Amino acid sequence: MNTTTGTVAKNIRKALNAEGYTAKNIAERLNVSYSQATRLLNGKSRFRPEYIGTISRMLGMDPERLIGVNPNKVTIKFTVKEAAERTKYHPDTIRKAVYRGEMKSVQRVKGGKYLIDEMDLTAWLAGAR
């Protein structure tokens, strides 16, 4: 296994597992066989750029984040209101996207403000238009 291929596979597998995706789901989404999906996820085959693009859209993540490029990059977090101002969408549209799971966000405390990573907002915009 190539170290780079293994690292990318590990990052992708970790992100997919966190969202509950299985190798079967990935095979269907990428239009590959189950065995090819498992080879990809185990780092025995390389992810094609289009596979990474498909998976990043599924997860609402920036592809750079998936493949581990520039992991120390400082990220900007927006509140719902700030995200709405930046995107020119109504705050309710942003909030609904968060509630539906279409856009990743975090809350530092239960019931607190939702914070949206700039990369996640950008990924959502790319899929929303």
# chains A, B, ... in the order shown; residues from 1 in each chain; ligands from 1

$ select_by_dssp --residues "stretch 45-118 of chain A" --states "helix (DSSP H, G or I)" --output "PDB file with N, CA, C and O atoms, in the first residue's frame"
ATOM      1  N   PRO A  49      -9.800  11.406  -8.849  1.00  0.00           N
ATOM      2  CA  PRO A  49     -10.275  12.732  -8.438  1.00  0.00           C
ATOM      3  C   PRO A  49     -11.806  12.838  -8.433  1.00  0.00           C
ATOM      4  O   PRO A  49     -12.382  13.460  -7.542  1.00  0.00           O
ATOM      5  N   GLU A  50     -12.465  12.213  -9.412  1.00  0.00           N
ATOM      6  CA  GLU A  50     -13.927  12.300  -9.444  1.00  0.00           C
ATOM      7  C   GLU A  50     -14.563  11.557  -8.272  1.00  0.00           C
ATOM      8  O   GLU A  50     -15.630  11.944  -7.791  1.00  0.00           O
ATOM      9  N   TYR A  51     -13.906  10.497  -7.779  1.00  0.00           N
ATOM     10  CA  TYR A  51     -14.417   9.794  -6.596  1.00  0.00           C
ATOM     11  C   TYR A  51     -14.325  10.705  -5.374  1.00  0.00           C
ATOM     12  O   TYR A  51     -15.239  10.774  -4.558  1.00  0.00           O
ATOM     13  N   ILE A  52     -13.191  11.389  -5.253  1.00  0.00           N
ATOM     14  CA  ILE A  52     -12.996  12.301  -4.124  1.00  0.00           C
ATOM     15  C   ILE A  52     -14.024  13.430  -4.190  1.00  0.00           C
ATOM     16  O   ILE A  52     -14.598  13.823  -3.180  1.00  0.00           O
ATOM     17  N   GLY A  53     -14.278  13.927  -5.401  1.00  0.00           N
ATOM     18  CA  GLY A  53     -15.287  14.973  -5.576  1.00  0.00           C
ATOM     19  C   GLY A  53     -16.669  14.501  -5.158  1.00  0.00           C
ATOM     20  O   GLY A  53     -17.395  15.204  -4.447  1.00  0.00           O
ATOM     21  N   THR A  54     -17.035  13.295  -5.575  1.00  0.00           N
ATOM     22  CA  THR A  54     -18.348  12.738  -5.219  1.00  0.00           C
ATOM     23  C   THR A  54     -18.472  12.569  -3.711  1.00  0.00           C
ATOM     24  O   THR A  54     -19.477  12.953  -3.109  1.00  0.00           O
ATOM     25  N   ILE A  55     -17.448  12.015  -3.093  1.00  0.00           N
ATOM     26  CA  ILE A  55     -17.481  11.785  -1.652  1.00  0.00           C
ATOM     27  C   ILE A  55     -17.493  13.108  -0.890  1.00  0.00           C
ATOM     28  O   ILE A  55     -18.221  13.262   0.096  1.00  0.00           O
ATOM     29  N   SER A  56     -16.725  14.082  -1.346  1.00  0.00           N
ATOM     30  CA  SER A  56     -16.714  15.375  -0.647  1.00  0.00           C
ATOM     31  C   SER A  56     -18.088  16.029  -0.719  1.00  0.00           C
ATOM     32  O   SER A  56     -18.537  16.641   0.243  1.00  0.00           O
ATOM     33  N   ARG A  57     -18.782  15.893  -1.865  1.00  0.00           N
ATOM     34  CA  ARG A  57     -20.146  16.444  -1.962  1.00  0.00           C
ATOM     35  C   ARG A  57     -21.108  15.672  -1.068  1.00  0.00           C
ATOM     36  O   ARG A  57     -21.986  16.267  -0.440  1.00  0.00           O
ATOM     37  N   MET A  58     -20.950  14.352  -0.988  1.00  0.00           N
ATOM     38  CA  MET A  58     -21.798  13.543  -0.100  1.00  0.00           C
ATOM     39  C   MET A  58     -21.686  14.010   1.340  1.00  0.00           C
ATOM     40  O   MET A  58     -22.672  14.078   2.066  1.00  0.00           O
ATOM     41  N   LEU A  59     -20.467  14.314   1.732  1.00  0.00           N
ATOM     42  CA  LEU A  59     -20.187  14.682   3.121  1.00  0.00           C
ATOM     43  C   LEU A  59     -20.281  16.184   3.368  1.00  0.00           C
ATOM     44  O   LEU A  59     -20.229  16.620   4.513  1.00  0.00           O
ATOM     45  N   PRO A  63     -12.751  18.990  -0.535  1.00  0.00           N
ATOM     46  CA  PRO A  63     -11.888  17.867  -0.905  1.00  0.00           C
ATOM     47  C   PRO A  63     -10.504  17.933  -0.271  1.00  0.00           C
ATOM     48  O   PRO A  63      -9.947  16.902   0.096  1.00  0.00           O
ATOM     49  N   GLU A  64      -9.963  19.154  -0.100  1.00  0.00           N
ATOM     50  CA  GLU A  64      -8.648  19.287   0.538  1.00  0.00           C
ATOM     51  C   GLU A  64      -8.657  18.691   1.937  1.00  0.00           C
ATOM     52  O   GLU A  64      -7.693  18.087   2.380  1.00  0.00           O
ATOM     53  N   ARG A  65      -9.757  18.895   2.625  1.00  0.00           N
ATOM     54  CA  ARG A  65      -9.872  18.389   3.989  1.00  0.00           C
ATOM     55  C   ARG A  65      -9.914  16.864   3.986  1.00  0.00           C
ATOM     56  O   ARG A  65      -9.335  16.217   4.863  1.00  0.00           O
ATOM     57  N   LEU A  66     -10.586  16.302   2.990  1.00  0.00           N
ATOM     58  CA  LEU A  66     -10.679  14.848   2.892  1.00  0.00           C
ATOM     59  C   LEU A  66      -9.332  14.199   2.634  1.00  0.00           C
ATOM     60  O   LEU A  66      -9.030  13.156   3.196  1.00  0.00           O
ATOM     61  N   ILE A  67      -8.543  14.800   1.760  1.00  0.00           N
ATOM     62  CA  ILE A  67      -7.284  14.163   1.398  1.00  0.00           C
ATOM     63  C   ILE A  67      -6.126  14.591   2.286  1.00  0.00           C
ATOM     64  O   ILE A  67      -5.019  14.103   2.151  1.00  0.00           O
ATOM     65  N   VAL A  80     -24.792  31.488  12.032  1.00  0.00           N
ATOM     66  CA  VAL A  80     -25.827  31.401  11.004  1.00  0.00           C
ATOM     67  C   VAL A  80     -26.028  32.776  10.352  1.00  0.00           C
ATOM     68  O   VAL A  80     -26.105  32.890   9.131  1.00  0.00           O
ATOM     69  N   LYS A  81     -26.079  33.805  11.171  1.00  0.00           N
ATOM     70  CA  LYS A  81     -26.294  35.159  10.660  1.00  0.00           C
ATOM     71  C   LYS A  81     -25.141  35.581   9.738  1.00  0.00           C
ATOM     72  O   LYS A  81     -25.367  36.133   8.655  1.00  0.00           O
ATOM     73  N   GLU A  82     -23.913  35.321  10.155  1.00  0.00           N
ATOM     74  CA  GLU A  82     -22.753  35.683   9.339  1.00  0.00           C
ATOM     75  C   GLU A  82     -22.723  34.893   8.032  1.00  0.00           C
ATOM     76  O   GLU A  82     -22.396  35.431   6.980  1.00  0.00           O
ATOM     77  N   ALA A  83     -23.079  33.605   8.118  1.00  0.00           N
ATOM     78  CA  ALA A  83     -23.125  32.771   6.914  1.00  0.00           C
ATOM     79  C   ALA A  83     -24.177  33.301   5.950  1.00  0.00           C
ATOM     80  O   ALA A  83     -23.964  33.335   4.735  1.00  0.00           O
ATOM     81  N   ALA A  84     -25.314  33.729   6.488  1.00  0.00           N
ATOM     82  CA  ALA A  84     -26.379  34.280   5.654  1.00  0.00           C
ATOM     83  C   ALA A  84     -25.918  35.572   4.975  1.00  0.00           C
ATOM     84  O   ALA A  84     -26.154  35.775   3.778  1.00  0.00           O
ATOM     85  N   GLU A  85     -25.251  36.432   5.720  1.00  0.00           N
ATOM     86  CA  GLU A  85     -24.760  37.687   5.147  1.00  0.00           C
ATOM     87  C   GLU A  85     -23.740  37.414   4.051  1.00  0.00           C
ATOM     88  O   GLU A  85     -23.748  38.056   3.004  1.00  0.00           O
ATOM     89  N   ARG A  86     -22.880  36.453   4.283  1.00  0.00           N
ATOM     90  CA  ARG A  86     -21.824  36.131   3.322  1.00  0.00           C
ATOM     91  C   ARG A  86     -22.382  35.529   2.033  1.00  0.00           C
ATOM     92  O   ARG A  86     -21.887  35.803   0.951  1.00  0.00           O
ATOM     93  N   THR A  87     -23.421  34.710   2.156  1.00  0.00           N
ATOM     94  CA  THR A  87     -23.966  33.997   1.003  1.00  0.00           C
ATOM     95  C   THR A  87     -25.152  34.696   0.357  1.00  0.00           C
ATOM     96  O   THR A  87     -25.591  34.293  -0.705  1.00  0.00           O
ATOM     97  N   PRO A  91     -31.202  33.818   6.761  1.00  0.00           N
ATOM     98  CA  PRO A  91     -30.724  33.000   7.882  1.00  0.00           C
ATOM     99  C   PRO A  91     -31.539  31.712   8.076  1.00  0.00           C
ATOM    100  O   PRO A  91     -30.985  30.680   8.446  1.00  0.00           O
ATOM    101  N   ASP A  92     -32.853  31.766   7.799  1.00  0.00           N
ATOM    102  CA  ASP A  92     -33.672  30.553   7.934  1.00  0.00           C
ATOM    103  C   ASP A  92     -33.241  29.478   6.942  1.00  0.00           C
ATOM    104  O   ASP A  92     -33.285  28.289   7.247  1.00  0.00           O
ATOM    105  N   THR A  93     -32.796  29.870   5.754  1.00  0.00           N
ATOM    106  CA  THR A  93     -32.319  28.914   4.753  1.00  0.00           C
ATOM    107  C   THR A  93     -31.061  28.223   5.264  1.00  0.00           C
ATOM    108  O   THR A  93     -30.918  27.003   5.150  1.00  0.00           O
ATOM    109  N   ILE A  94     -30.166  29.004   5.842  1.00  0.00           N
ATOM    110  CA  ILE A  94     -28.929  28.448   6.397  1.00  0.00           C
ATOM    111  C   ILE A  94     -29.266  27.518   7.557  1.00  0.00           C
ATOM    112  O   ILE A  94     -28.765  26.394   7.637  1.00  0.00           O
ATOM    113  N   ARG A  95     -30.131  27.973   8.447  1.00  0.00           N
ATOM    114  CA  ARG A  95     -30.510  27.179   9.614  1.00  0.00           C
ATOM    115  C   ARG A  95     -31.149  25.855   9.193  1.00  0.00           C
ATOM    116  O   ARG A  95     -30.844  24.796   9.746  1.00  0.00           O
ATOM    117  N   LYS A  96     -32.029  25.895   8.195  1.00  0.00           N
ATOM    118  CA  LYS A  96     -32.684  24.667   7.712  1.00  0.00           C
ATOM    119  C   LYS A  96     -31.663  23.702   7.123  1.00  0.00           C
ATOM    120  O   LYS A  96     -31.770  22.493   7.316  1.00  0.00           O
ATOM    121  N   ALA A  97     -30.676  24.227   6.401  1.00  0.00           N
ATOM    122  CA  ALA A  97     -29.629  23.373   5.837  1.00  0.00           C
ATOM    123  C   ALA A  97     -28.847  22.681   6.954  1.00  0.00           C
ATOM    124  O   ALA A  97     -28.498  21.506   6.852  1.00  0.00           O
ATOM    125  N   VAL A  98     -28.622  23.405   8.041  1.00  0.00           N
ATOM    126  CA  VAL A  98     -27.924  22.820   9.194  1.00  0.00           C
ATOM    127  C   VAL A  98     -28.798  21.736   9.837  1.00  0.00           C
ATOM    128  O   VAL A  98     -28.338  20.627  10.097  1.00  0.00           O
ATOM    129  N   TYR A  99     -30.066  22.044  10.065  1.00  0.00           N
ATOM    130  CA  TYR A  99     -30.976  21.087  10.711  1.00  0.00           C
ATOM    131  C   TYR A  99     -31.138  19.819   9.882  1.00  0.00           C
ATOM    132  O   TYR A  99     -31.239  18.730  10.431  1.00  0.00           O
ATOM    133  N   ARG A 100     -31.196  19.976   8.560  1.00  0.00           N
ATOM    134  CA  ARG A 100     -31.376  18.815   7.674  1.00  0.00           C
ATOM    135  C   ARG A 100     -30.091  18.003   7.519  1.00  0.00           C
ATOM    136  O   ARG A 100     -30.095  16.948   6.912  1.00  0.00           O
ATOM    137  N   GLU A 118     -15.867  27.675   7.219  1.00  0.00           N
ATOM    138  CA  GLU A 118     -15.858  28.308   5.899  1.00  0.00           C
ATOM    139  C   GLU A 118     -15.835  27.270   4.776  1.00  0.00           C
ATOM    140  O   GLU A 118     -16.541  27.413   3.772  1.00  0.00           O
TER     141      GLU A 118
END

$ residues_around --residues "stretch 107-115 of chain A" --least-positions-apart "2" --cutoff "6 Å" --atoms "only C-alpha atoms" --output "PyMOL selection string"
chain A and resi 77-79+105

$ write_last_selection --atoms "all heavy atoms" --output "PDB file, in the first residue's frame"
ATOM      1  N   LYS A  77     -14.864  30.301  11.215  1.00  0.00           N
ATOM      2  CA  LYS A  77     -16.195  29.806  11.575  1.00  0.00           C
ATOM      3  C   LYS A  77     -17.180  30.965  11.525  1.00  0.00           C
ATOM      4  O   LYS A  77     -16.885  32.057  11.982  1.00  0.00           O
ATOM      5  CB  LYS A  77     -16.191  29.212  12.984  1.00  0.00           C
ATOM      6  CG  LYS A  77     -15.211  28.081  13.170  1.00  0.00           C
ATOM      7  CD  LYS A  77     -15.915  26.779  13.123  1.00  0.00           C
ATOM      8  CE  LYS A  77     -14.953  25.663  13.520  1.00  0.00           C
ATOM      9  NZ  LYS A  77     -15.161  24.499  12.755  1.00  0.00           N
ATOM     10  N   PHE A  78     -18.346  30.690  10.951  1.00  0.00           N
ATOM     11  CA  PHE A  78     -19.397  31.691  10.846  1.00  0.00           C
ATOM     12  C   PHE A  78     -20.589  31.287  11.687  1.00  0.00           C
ATOM     13  O   PHE A  78     -20.921  30.101  11.773  1.00  0.00           O
ATOM     14  CB  PHE A  78     -19.886  31.825   9.397  1.00  0.00           C
ATOM     15  CG  PHE A  78     -18.840  32.277   8.428  1.00  0.00           C
ATOM     16  CD1 PHE A  78     -18.295  31.394   7.521  1.00  0.00           C
ATOM     17  CD2 PHE A  78     -18.415  33.591   8.414  1.00  0.00           C
ATOM     18  CE1 PHE A  78     -17.337  31.810   6.614  1.00  0.00           C
ATOM     19  CE2 PHE A  78     -17.460  34.017   7.507  1.00  0.00           C
ATOM     20  CZ  PHE A  78     -16.915  33.123   6.609  1.00  0.00           C
ATOM     21  N   THR A  79     -21.263  32.266  12.266  1.00  0.00           N
ATOM     22  CA  THR A  79     -22.567  32.001  12.883  1.00  0.00           C
ATOM     23  C   THR A  79     -23.569  31.904  11.736  1.00  0.00           C
ATOM     24  O   THR A  79     -23.247  32.229  10.585  1.00  0.00           O
ATOM     25  CB  THR A  79     -22.979  33.152  13.831  1.00  0.00           C
ATOM     26  OG1 THR A  79     -23.128  34.340  13.053  1.00  0.00           O
ATOM     27  CG2 THR A  79     -21.965  33.353  14.948  1.00  0.00           C
ATOM     28  N   SER A 105     -22.039  21.760  10.903  1.00  0.00           N
ATOM     29  CA  SER A 105     -21.874  22.843  11.863  1.00  0.00           C
ATOM     30  C   SER A 105     -21.549  22.227  13.215  1.00  0.00           C
ATOM     31  O   SER A 105     -21.675  21.022  13.396  1.00  0.00           O
ATOM     32  CB  SER A 105     -23.151  23.677  11.965  1.00  0.00           C
ATOM     33  OG  SER A 105     -24.177  22.906  12.537  1.00  0.00           O
TER      34      SER A 105
END

$ residues_around --residues "A:Gly43" --least-positions-apart "3" --cutoff "7 Å" --atoms "only C-alpha atoms" --output "PyMOL selection string"
chain A and resi 1+5-6+9+39-40+46

$ residues_around --residues "A:Asn25" --least-positions-apart "5" --cutoff "10 Å" --atoms "only C-alpha atoms" --output "VMD selection string"
chain A and resid 16 20 30 to 31 34 37

$ atom_distance --atom1 "atom CA of A:Ile12" --atom2 "atom CA of A:Ser35"
16.6 Å

$ select_by_dssp --residues "chain A" --states "strand (DSSP E)" --output "compact mmCIF listing (two decimals) with N, CA and C atoms, in the first residue's frame"
# COMPACT_ATOMS: atom_id res chain seq x y z
N LYS A 77 -14.86 30.30 11.22
CA LYS A 77 -16.19 29.81 11.58
C LYS A 77 -17.18 30.96 11.52
N PHE A 78 -18.35 30.69 10.95
CA PHE A 78 -19.40 31.69 10.85
C PHE A 78 -20.59 31.29 11.69
N VAL A 106 -21.12 23.07 14.13
CA VAL A 106 -20.84 22.61 15.49
C VAL A 106 -21.48 23.58 16.47
N GLN A 107 -21.74 23.06 17.65
CA GLN A 107 -22.18 23.90 18.76
C GLN A 107 -21.19 23.65 19.88
N TYR A 114 -24.86 27.86 16.39
CA TYR A 114 -24.24 26.96 15.42
C TYR A 114 -23.08 27.69 14.78
N LEU A 115 -21.95 27.03 14.66
CA LEU A 115 -20.78 27.59 14.00
C LEU A 115 -20.50 26.77 12.75
N ILE A 116 -20.36 27.45 11.64
CA ILE A 116 -20.19 26.80 10.35
C ILE A 116 -18.80 27.12 9.82
N ASP A 117 -18.05 26.08 9.51
CA ASP A 117 -16.71 26.22 8.97
C ASP A 117 -16.80 26.81 7.56

$ closest_residue --among "A:Leu41, A:Ala27, A:Ala15, A:Val8" --to "A:Gly68" --atoms "only C-alpha atoms"
A:Val8

$ closest_residue --among "A:Ala18, A:Met61, A:Ala123, A:Val32" --to "A:Phe47" --atoms "only C-alpha atoms"
A:Val32

$ atom_distance --atom1 "atom CA of A:Met103" --atom2 "atom CA of A:Asn42"
27.0 Å

$ closest_residue --among "A:Ile26, A:Leu125, A:Met119, A:Ile76" --to "A:Lys88" --atoms "only C-alpha atoms"
A:Leu125
